[in-house]
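Engineer: So here's protein.tsv, just TSV, C-alpha atoms:
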```
chain	number	residue	atom	x	y	z
X	1	ALA	CA	53.52	29.85	-28.80
X	2	ALA	CA	50.92	32.45	-27.99
X	3	GLY	CA	50.42	34.43	-24.81
X	4	LEU	CA	48.46	37.19	-23.16
X	5	LEU	CA	50.20	40.51	-22.64
X	6	THR	CA	48.80	43.08	-20.20
X	7	LEU	CA	49.75	46.33	-18.50
X	8	LEU	CA	51.19	46.47	-14.97
X	9	ASP	CA	50.16	49.06	-12.39
X	10	GLU	CA	52.58	51.08	-10.24
X	11	ASP	CA	52.90	48.15	-7.82
X	12	GLY	CA	53.68	45.69	-10.63
X	13	SER	CA	50.27	44.00	-10.50
X	14	PRO	CA	48.84	42.96	-13.88
X	15	ALA	CA	45.55	44.39	-15.19
X	16	VAL	CA	44.62	40.80	-16.09
X	17	ASN	CA	46.07	38.09	-13.86
X	18	GLY	CA	47.16	34.59	-14.82
X	19	PHE	CA	43.96	32.98	-13.55
X	20	ASP	CA	41.62	35.39	-15.36
X	21	ASP	CA	39.08	33.78	-17.70
X	22	LEU	CA	38.63	37.11	-19.56
X	23	ALA	CA	34.89	37.32	-18.79
X	24	GLY	CA	33.82	40.92	-19.33
X	25	LYS	CA	37.29	41.88	-20.55
X	26	THR	CA	38.46	43.22	-23.90
X	27	SER	CA	41.16	41.29	-25.74
X	28	ILE	CA	43.15	42.73	-28.63
X	29	ASP	CA	44.20	40.57	-31.57
X	30	VAL	CA	47.08	41.55	-33.86
X	31	GLY	CA	45.44	41.60	-37.29
X	32	GLY	CA	47.26	39.74	-40.04
X	33	TRP	CA	49.44	37.79	-37.60
X	34	ALA	CA	49.11	34.45	-35.89
X	35	PRO	CA	47.66	33.72	-33.46
X	36	THR	CA	44.50	34.74	-35.28
X	37	ALA	CA	41.42	36.39	-33.80
X	38	ASP	CA	39.64	33.05	-33.26
X	39	GLY	CA	42.67	31.61	-31.45
X	40	LEU	CA	41.45	32.38	-27.93
X	41	ASP	CA	38.67	29.87	-28.53
X	42	PHE	CA	41.28	27.11	-28.96
X	43	VAL	CA	43.71	27.79	-26.10
X	44	GLU	CA	43.28	27.20	-22.41
X	45	ASN	CA	44.35	29.24	-19.45
X	46	LYS	CA	47.56	27.50	-18.39
X	47	CYS	CA	47.06	28.43	-14.72
X	48	SER	CA	43.49	27.18	-14.33
X	49	ASP	CA	43.60	24.50	-17.09
X	50	MET	CA	40.24	25.85	-18.24
X	51	PRO	CA	39.13	27.45	-21.50
X	52	TYR	CA	38.58	31.19	-21.56
X	53	SER	CA	35.07	32.56	-21.18
X	54	ASN	CA	33.04	33.28	-24.30
X	55	ASP	CA	32.02	36.54	-22.66
X	56	TYR	CA	34.92	38.72	-23.79
X	57	LYS	CA	35.05	41.48	-26.37
X	58	LEU	CA	37.57	41.13	-29.18
X	59	LEU	CA	39.16	44.05	-30.99
X	60	VAL	CA	41.45	43.58	-33.99
X	61	ALA	CA	44.47	45.87	-34.41
X	62	ASN	CA	45.07	46.50	-38.10
X	63	GLY	CA	47.67	48.49	-40.00
X	64	ASP	CA	51.08	48.20	-41.59
X	65	GLN	CA	52.59	47.72	-38.12
X	66	ALA	CA	49.71	45.85	-36.47
X	67	ASN	CA	51.81	44.87	-33.43
X	68	ASP	CA	52.45	48.57	-32.76
X	69	VAL	CA	48.75	49.35	-33.23
X	70	ALA	CA	47.85	46.61	-30.71
X	71	MET	CA	50.36	47.89	-28.15
X	72	LYS	CA	49.13	51.46	-28.57
X	73	MET	CA	45.54	50.25	-28.08
X	74	LEU	CA	46.59	48.47	-24.89
X	75	ARG	CA	48.50	51.46	-23.56
X	76	ASP	CA	45.57	53.76	-24.43
X	77	GLY	CA	43.21	51.58	-22.38
X	78	GLU	CA	41.18	50.26	-25.30
X	79	GLY	CA	41.75	46.67	-24.20
X	80	ASP	CA	42.79	44.64	-21.18
X	81	ALA	CA	45.22	42.23	-22.88
X	82	ILE	CA	46.77	41.42	-26.25
X	83	PHE	CA	46.62	37.86	-27.59
X	84	ILE	CA	50.03	37.76	-29.27
X	85	TYR	CA	53.09	35.61	-29.86
X	86	ALA	CA	54.67	34.89	-26.49
X	87	ASP	CA	58.07	36.15	-27.65
X	88	GLN	CA	56.90	39.24	-29.55
X	89	ALA	CA	57.35	41.72	-26.72
X	90	TYR	CA	60.86	40.46	-25.96
X	91	GLU	CA	61.87	40.85	-29.60
X	92	TYR	CA	60.32	44.29	-29.98
X	93	ALA	CA	61.59	45.56	-26.59
X	94	ASN	CA	65.15	44.62	-27.61
X	95	CYS	CA	65.04	46.97	-30.53
X	96	ARG	CA	67.72	46.61	-33.16
X	97	GLU	CA	69.04	49.27	-35.48
X	98	GLY	CA	66.79	49.71	-38.49
X	99	ALA	CA	63.75	48.16	-36.80
X	100	GLU	CA	60.50	48.79	-38.63
X	101	TRP	CA	58.46	49.01	-35.43
X	102	ASN	CA	58.12	51.81	-32.86
X	103	CYS	CA	60.85	50.95	-30.36
X	104	THR	CA	59.69	53.55	-27.81
X	105	LEU	CA	56.22	51.98	-27.67
X	106	TRP	CA	57.74	48.65	-26.58
X	107	GLN	CA	59.97	50.01	-23.81
X	108	GLY	CA	59.09	48.94	-20.27
X	109	PHE	CA	58.83	45.18	-20.80
X	110	GLY	CA	58.61	43.67	-17.30
X	111	THR	CA	57.99	47.00	-15.59
X	112	GLU	CA	55.13	48.59	-17.54
X	113	TYR	CA	53.71	45.47	-19.18
X	114	ALA	CA	54.24	41.71	-19.01
X	115	TYR	CA	52.88	38.36	-20.08
X	116	VAL	CA	50.37	36.66	-17.79
X	117	GLN	CA	50.06	33.63	-20.09
X	118	THR	CA	52.68	31.92	-22.28
X	119	GLY	CA	53.15	28.58	-24.02
X	120	GLN	CA	49.67	28.48	-25.53
X	121	PHE	CA	49.72	26.15	-28.55
X	122	GLY	CA	46.04	25.17	-28.78
X	123	TYR	CA	45.48	27.46	-31.77
X	124	VAL	CA	47.81	25.40	-33.98
X	125	VAL	CA	47.83	21.80	-35.08
X	126	ASN	CA	51.17	22.27	-36.76
X	127	GLY	CA	52.56	25.39	-38.35
X	128	THR	CA	54.47	23.66	-41.14
X	129	THR	CA	53.07	22.74	-44.52
X	130	LEU	CA	54.22	19.23	-45.32
X	131	ALA	CA	51.97	18.44	-48.24
X	132	LEU	CA	49.68	20.27	-50.60
X	133	SER	CA	46.74	18.34	-51.93
X	134	GLN	CA	43.29	18.81	-53.26
X	135	LYS	CA	40.72	19.63	-50.59
X	136	GLY	CA	38.93	16.49	-49.48
X	137	SER	CA	41.62	14.14	-50.83
X	138	GLY	CA	42.21	12.59	-47.40
X	139	ILE	CA	45.97	13.29	-47.42
X	140	ARG	CA	45.78	15.46	-44.30
X	141	GLU	CA	43.94	12.75	-42.38
X	142	LYS	CA	46.59	10.18	-43.38
X	143	LEU	CA	49.58	12.39	-42.50
X	144	ARG	CA	48.35	13.88	-39.21
X	145	PRO	CA	48.54	10.66	-37.09
X	146	CYS	CA	52.00	9.89	-38.46
X	147	MET	CA	53.32	13.41	-37.69
X	148	THR	CA	51.71	13.42	-34.24
X	149	LYS	CA	53.42	10.12	-33.43
X	150	PHE	CA	56.80	11.27	-34.77
X	151	ILE	CA	56.76	14.64	-32.98
X	152	ALA	CA	56.49	12.76	-29.67
X	153	THR	CA	59.76	10.82	-30.21
X	154	LYS	CA	63.36	11.32	-29.09
X	155	GLU	CA	64.37	11.08	-32.75
X	156	TYR	CA	62.36	14.26	-33.44
X	157	TYR	CA	64.12	16.00	-30.53
X	158	ASP	CA	67.53	14.83	-31.81
X	159	ILE	CA	66.80	16.27	-35.27
X	160	CYS	CA	65.85	19.60	-33.68
X	161	VAL	CA	69.15	19.62	-31.75
X	162	LYS	CA	71.19	18.57	-34.81
X	163	HIS	CA	69.83	21.44	-36.89
X	164	ASN	CA	69.92	24.00	-34.04
X	165	LEU	CA	66.12	24.36	-34.08
X	166	VAL	CA	65.33	23.42	-30.48
X	167	SER	CA	63.63	26.75	-29.77
X	168	ASP	CA	61.53	26.47	-32.96
X	169	CYS	CA	60.41	22.85	-32.62
X	170	TYR	CA	57.29	21.69	-30.82
X	171	SER	CA	58.47	20.42	-27.46
X	172	ASN	CA	57.82	16.92	-26.20
X	173	GLU	CA	58.93	14.98	-23.10
X	174	PHE	CA	62.56	14.92	-24.35
X	175	PHE	CA	62.89	18.71	-24.36
X	176	LEU	CA	64.25	20.26	-21.18
X	177	ALA	CA	63.87	23.90	-20.14
X	178	GLU	CA	67.62	23.94	-19.56
X	179	ASP	CA	68.34	22.95	-23.18
X	180	GLU	CA	70.32	25.67	-24.87
X	181	GLY	CA	68.02	27.65	-27.09
X	182	ILE	CA	64.79	26.80	-25.25
X	183	ASP	CA	62.98	30.07	-24.84
X	184	LYS	CA	60.90	30.54	-21.68
X	185	THR	CA	58.15	32.03	-23.84
X	186	ILE	CA	57.23	28.61	-25.22
X	187	LEU	CA	56.81	27.14	-21.74
X	188	PRO	CA	53.23	27.11	-20.47
X	189	THR	CA	52.65	29.64	-17.70
X	190	ASP	CA	52.21	26.95	-15.06
X	191	GLU	CA	55.68	25.57	-15.91
X	192	GLN	CA	57.41	28.95	-15.49
X	193	PRO	CA	59.58	29.49	-12.39
X	194	GLU	CA	57.29	32.35	-11.28
X	195	ASP	CA	53.75	31.80	-10.06
X	196	CYS	CA	50.56	32.31	-12.06
X	197	SER	CA	49.74	35.75	-10.63
```
Starting from the coordinates I provided, produce the structure as structure tokens.
Structural biologist:
Amino acid sequence: AAGLLTLLDEDGSPAVNGFDDLAGKTSIDVGGWAPTADGLDFVENKCSDMPYSNDYKLLVANGDQANDVAMKMLRDGEGDAIFIYADQAYEYANCREGAEWNCTLWQGFGTEYAYVQTGQFGYVVNGTTLALSQKGSGIREKLRPCMTKFIATKEYYDICVKHNLVSDCYSNEFFLAEDEGIDKTILPTDEQPEDCS
């Protein structure tokens, strides 16, 4: 799932709030990583249930550690928010020994910066390659309805539980937030226990 990450002021208020449509704002994309730069055009604001404005500026953070570059750009005031995986900050803030990223840069999660949007899946149809075929063969069009139907079933949920992949599977009506392994970062913002501010 994707999300929008922004800085917090001294009072804990976000630079971009959960209802913001990004009009006139600058968004930072993490180059070389999903969600890709065009992804904001495919997700909706989970608080307003509306698409984002087309009137935002997009900067792409590139480099060997593009996530670090994006965070530095945000902290330096070059952008208002980062369009990034909704669990990236949590992973990077909980720095492990031997981490390849700048652990200091990611300190302050929840006090200096936070997500104002999470659970944005509109930029993906499915992230798993199930079949490779010649372009235009029609295989994709035949498989997509079948996979869409299957992903909505309890059987799909049961397979995710059986293989301990609940937090990695696409959720459907059979997934519960209380399920062990369900990460809050995949929940849409409007389904989080906090409000959309």
Engineer: What gap, in Å, lies between CA of Asp190 (chain X) and CA of Tyr115 (chain X)?
Structural biologist: 12.5 Å
Engineer: Quick one: of X:Phe19, X:Phe83, X:Trp106, X:Phe175, who's nearest to Leu58 (chain X), counting all atoms listed in the file?
Structural biologist: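 Using all atoms listed in the file, the shortest distance to Leu58 (chain X) belongs to X:Phe83.
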Engineer: Report the distance between CA of Thr6 (chain X) and CA of Asp168 (chain X) in Å, rounded to one decimal place.
Structural biologist: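 Computing the Euclidean distance for CA of Thr6 (chain X) and CA of Asp168 (chain X) yields 24.5 Å.
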Engineer: Can you work out the spacing between CA of Glu112 (chain X) and CA of Asp9 (chain X) in Å, to one decimal?
Structural biologist: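 Between CA of Glu112 (chain X) and CA of Asp9 (chain X) the gap is 7.2 Å.
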Engineer: List the neighbours of region 59-66 of chain X out to 10 Å using only C-alpha atoms; skip same-chain residues closer than 3 positions along the sequence, and give me the result as a list of chain:residue names.
Structural biologist: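 Surrounding residues, per the criterion: X:Thr26, X:Ser27, X:Ile28, X:Asp29, X:Val30, X:Gly31, X:Gly32, X:Trp33, X:Thr36, X:Ala37, X:Tyr56, X:Val69, X:Ala70, X:Met71, X:Lys72, X:Met73, X:Glu78, X:Gly79, X:Ile82, X:Glu100, X:Trp101, X:Asn102.
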Engineer: What would the file look like if the residues just selected were written as a tab-separated table (two decimals), in the frame of the given file with C-alpha atoms?
Structural biologist:
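As a result, result12.tsv now contains:
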```
chain	number	residue	atom	x	y	z
X	26	THR	CA	38.46	43.22	-23.90
X	27	SER	CA	41.16	41.29	-25.74
X	28	ILE	CA	43.15	42.73	-28.63
X	29	ASP	CA	44.20	40.57	-31.57
X	30	VAL	CA	47.08	41.55	-33.86
X	31	GLY	CA	45.44	41.60	-37.29
X	32	GLY	CA	47.26	39.74	-40.04
X	33	TRP	CA	49.44	37.79	-37.60
X	36	THR	CA	44.50	34.74	-35.28
X	37	ALA	CA	41.42	36.39	-33.80
X	56	TYR	CA	34.92	38.72	-23.79
X	69	VAL	CA	48.75	49.35	-33.23
X	70	ALA	CA	47.85	46.61	-30.71
X	71	MET	CA	50.36	47.89	-28.15
X	72	LYS	CA	49.13	51.46	-28.57
X	73	MET	CA	45.54	50.25	-28.08
X	78	GLU	CA	41.18	50.26	-25.30
X	79	GLY	CA	41.75	46.67	-24.20
X	82	ILE	CA	46.77	41.42	-26.25
X	100	GLU	CA	60.50	48.79	-38.63
X	101	TRP	CA	58.46	49.01	-35.43
X	102	ASN	CA	58.12	51.81	-32.86
```
Engineer: Please tell me which residues are no farther than 12 Å from (42.2, 35.5, -20.6) in the file, counting all atoms listed in the file, and write them as an MDAnalysis selection string.
Structural biologist: chainID X and resid 2:6 15:28 39:58 79:84 115:118 120
Engineer: How would the residues just picked look written out with C-alpha atoms as a PDB file, in the coordinates of the input?
Structural biologist:
```pdb
ATOM      1  CA  ALA X   2      50.920  32.450 -27.990  1.00  0.00           C
ATOM      2  CA  GLY X   3      50.420  34.430 -24.810  1.00  0.00           C
ATOM      3  CA  LEU X   4      48.460  37.190 -23.160  1.00  0.00           C
ATOM      4  CA  LEU X   5      50.200  40.510 -22.640  1.00  0.00           C
ATOM      5  CA  THR X   6      48.800  43.080 -20.200  1.00  0.00           C
ATOM      6  CA  ALA X  15      45.550  44.390 -15.190  1.00  0.00           C
ATOM      7  CA  VAL X  16      44.620  40.800 -16.090  1.00  0.00           C
ATOM      8  CA  ASN X  17      46.070  38.090 -13.860  1.00  0.00           C
ATOM      9  CA  GLY X  18      47.160  34.590 -14.820  1.00  0.00           C
ATOM     10  CA  PHE X  19      43.960  32.980 -13.550  1.00  0.00           C
ATOM     11  CA  ASP X  20      41.620  35.390 -15.360  1.00  0.00           C
ATOM     12  CA  ASP X  21      39.080  33.780 -17.700  1.00  0.00           C
ATOM     13  CA  LEU X  22      38.630  37.110 -19.560  1.00  0.00           C
ATOM     14  CA  ALA X  23      34.890  37.320 -18.790  1.00  0.00           C
ATOM     15  CA  GLY X  24      33.820  40.920 -19.330  1.00  0.00           C
ATOM     16  CA  LYS X  25      37.290  41.880 -20.550  1.00  0.00           C
ATOM     17  CA  THR X  26      38.460  43.220 -23.900  1.00  0.00           C
ATOM     18  CA  SER X  27      41.160  41.290 -25.740  1.00  0.00           C
ATOM     19  CA  ILE X  28      43.150  42.730 -28.630  1.00  0.00           C
ATOM     20  CA  GLY X  39      42.670  31.610 -31.450  1.00  0.00           C
ATOM     21  CA  LEU X  40      41.450  32.380 -27.930  1.00  0.00           C
ATOM     22  CA  ASP X  41      38.670  29.870 -28.530  1.00  0.00           C
ATOM     23  CA  PHE X  42      41.280  27.110 -28.960  1.00  0.00           C
ATOM     24  CA  VAL X  43      43.710  27.790 -26.100  1.00  0.00           C
ATOM     25  CA  GLU X  44      43.280  27.200 -22.410  1.00  0.00           C
ATOM     26  CA  ASN X  45      44.350  29.240 -19.450  1.00  0.00           C
ATOM     27  CA  LYS X  46      47.560  27.500 -18.390  1.00  0.00           C
ATOM     28  CA  CYS X  47      47.060  28.430 -14.720  1.00  0.00           C
ATOM     29  CA  SER X  48      43.490  27.180 -14.330  1.00  0.00           C
ATOM     30  CA  ASP X  49      43.600  24.500 -17.090  1.00  0.00           C
ATOM     31  CA  MET X  50      40.240  25.850 -18.240  1.00  0.00           C
ATOM     32  CA  PRO X  51      39.130  27.450 -21.500  1.00  0.00           C
ATOM     33  CA  TYR X  52      38.580  31.190 -21.560  1.00  0.00           C
ATOM     34  CA  SER X  53      35.070  32.560 -21.180  1.00  0.00           C
ATOM     35  CA  ASN X  54      33.040  33.280 -24.300  1.00  0.00           C
ATOM     36  CA  ASP X  55      32.020  36.540 -22.660  1.00  0.00           C
ATOM     37  CA  TYR X  56      34.920  38.720 -23.790  1.00  0.00           C
ATOM     38  CA  LYS X  57      35.050  41.480 -26.370  1.00  0.00           C
ATOM     39  CA  LEU X  58      37.570  41.130 -29.180  1.00  0.00           C
ATOM     40  CA  GLY X  79      41.750  46.670 -24.200  1.00  0.00           C
ATOM     41  CA  ASP X  80      42.790  44.640 -21.180  1.00  0.00           C
ATOM     42  CA  ALA X  81      45.220  42.230 -22.880  1.00  0.00           C
ATOM     43  CA  ILE X  82      46.770  41.420 -26.250  1.00  0.00           C
ATOM     44  CA  PHE X  83      46.620  37.860 -27.590  1.00  0.00           C
ATOM     45  CA  ILE X  84      50.030  37.760 -29.270  1.00  0.00           C
ATOM     46  CA  TYR X 115      52.880  38.360 -20.080  1.00  0.00           C
ATOM     47  CA  VAL X 116      50.370  36.660 -17.790  1.00  0.00           C
ATOM     48  CA  GLN X 117      50.060  33.630 -20.090  1.00  0.00           C
ATOM     49  CA  THR X 118      52.680  31.920 -22.280  1.00  0.00           C
ATOM     50  CA  GLN X 120      49.670  28.480 -25.530  1.00  0.00           C
TER      51      GLN X 120
END
```
Engineer: Quick one: residues within 10 Å of (63.2, 9.3, -26.8) (file frame), counting all atoms listed in the file, please, as a PDB file with C-alpha atoms, keeping the file's coordinate frame.
Structural biologist:
```pdb
ATOM      1  CA  ALA X 152      56.490  12.760 -29.670  1.00  0.00           C
ATOM      2  CA  THR X 153      59.760  10.820 -30.210  1.00  0.00           C
ATOM      3  CA  LYS X 154      63.360  11.320 -29.090  1.00  0.00           C
ATOM      4  CA  GLU X 155      64.370  11.080 -32.750  1.00  0.00           C
ATOM      5  CA  TYR X 156      62.360  14.260 -33.440  1.00  0.00           C
ATOM      6  CA  TYR X 157      64.120  16.000 -30.530  1.00  0.00           C
ATOM      7  CA  ASP X 158      67.530  14.830 -31.810  1.00  0.00           C
ATOM      8  CA  ASN X 172      57.820  16.920 -26.200  1.00  0.00           C
ATOM      9  CA  GLU X 173      58.930  14.980 -23.100  1.00  0.00           C
ATOM     10  CA  PHE X 174      62.560  14.920 -24.350  1.00  0.00           C
ATOM     11  CA  PHE X 175      62.890  18.710 -24.360  1.00  0.00           C
TER      12      PHE X 175
END
```
Engineer: Within 8 Å of Phe109 (chain X), counting all atoms listed in the file, which residues show up once you throw out same-chain ones fewer than 5 positions away? Write them as a list in words, please.
Structural biologist: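 Listed by chain and then number, they are Ala89, Tyr90, Ala93 and Ala114 of chain X.
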Engineer: Find, counting all atoms listed in the file, the residue in X:Lys135, X:Tyr113, X:Val161, X:Leu143 that gets nearest to Ser13 (chain X).
Structural biologist: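 Answer, going by the shortest atom-to-atom distance: X:Tyr113.
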Engineer: Find, counting only C-alpha atoms, the residue in X:Thr104, X:Asn67, X:Asn164, X:Thr189 that gets nearest to Ala1 (chain X).
Structural biologist: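 Among the listed residues, X:Thr189 lies closest to Ala1 (chain X).
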Engineer: Between X:Pro188, X:Leu7, X:Leu165, X:Gln134, which is the closest to Gly108 (chain X) once you count only C-alpha atoms?
Structural biologist: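 Of the candidates, the smallest distance to Gly108 (chain X) is held by X:Leu7.
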Engineer: Which residue, X:Ile159, X:Gly77, X:Ala131, X:Gly110, has the smallest gap to Asp11 (chain X) when you use only C-alpha atoms?
Structural biologist: X:Gly110
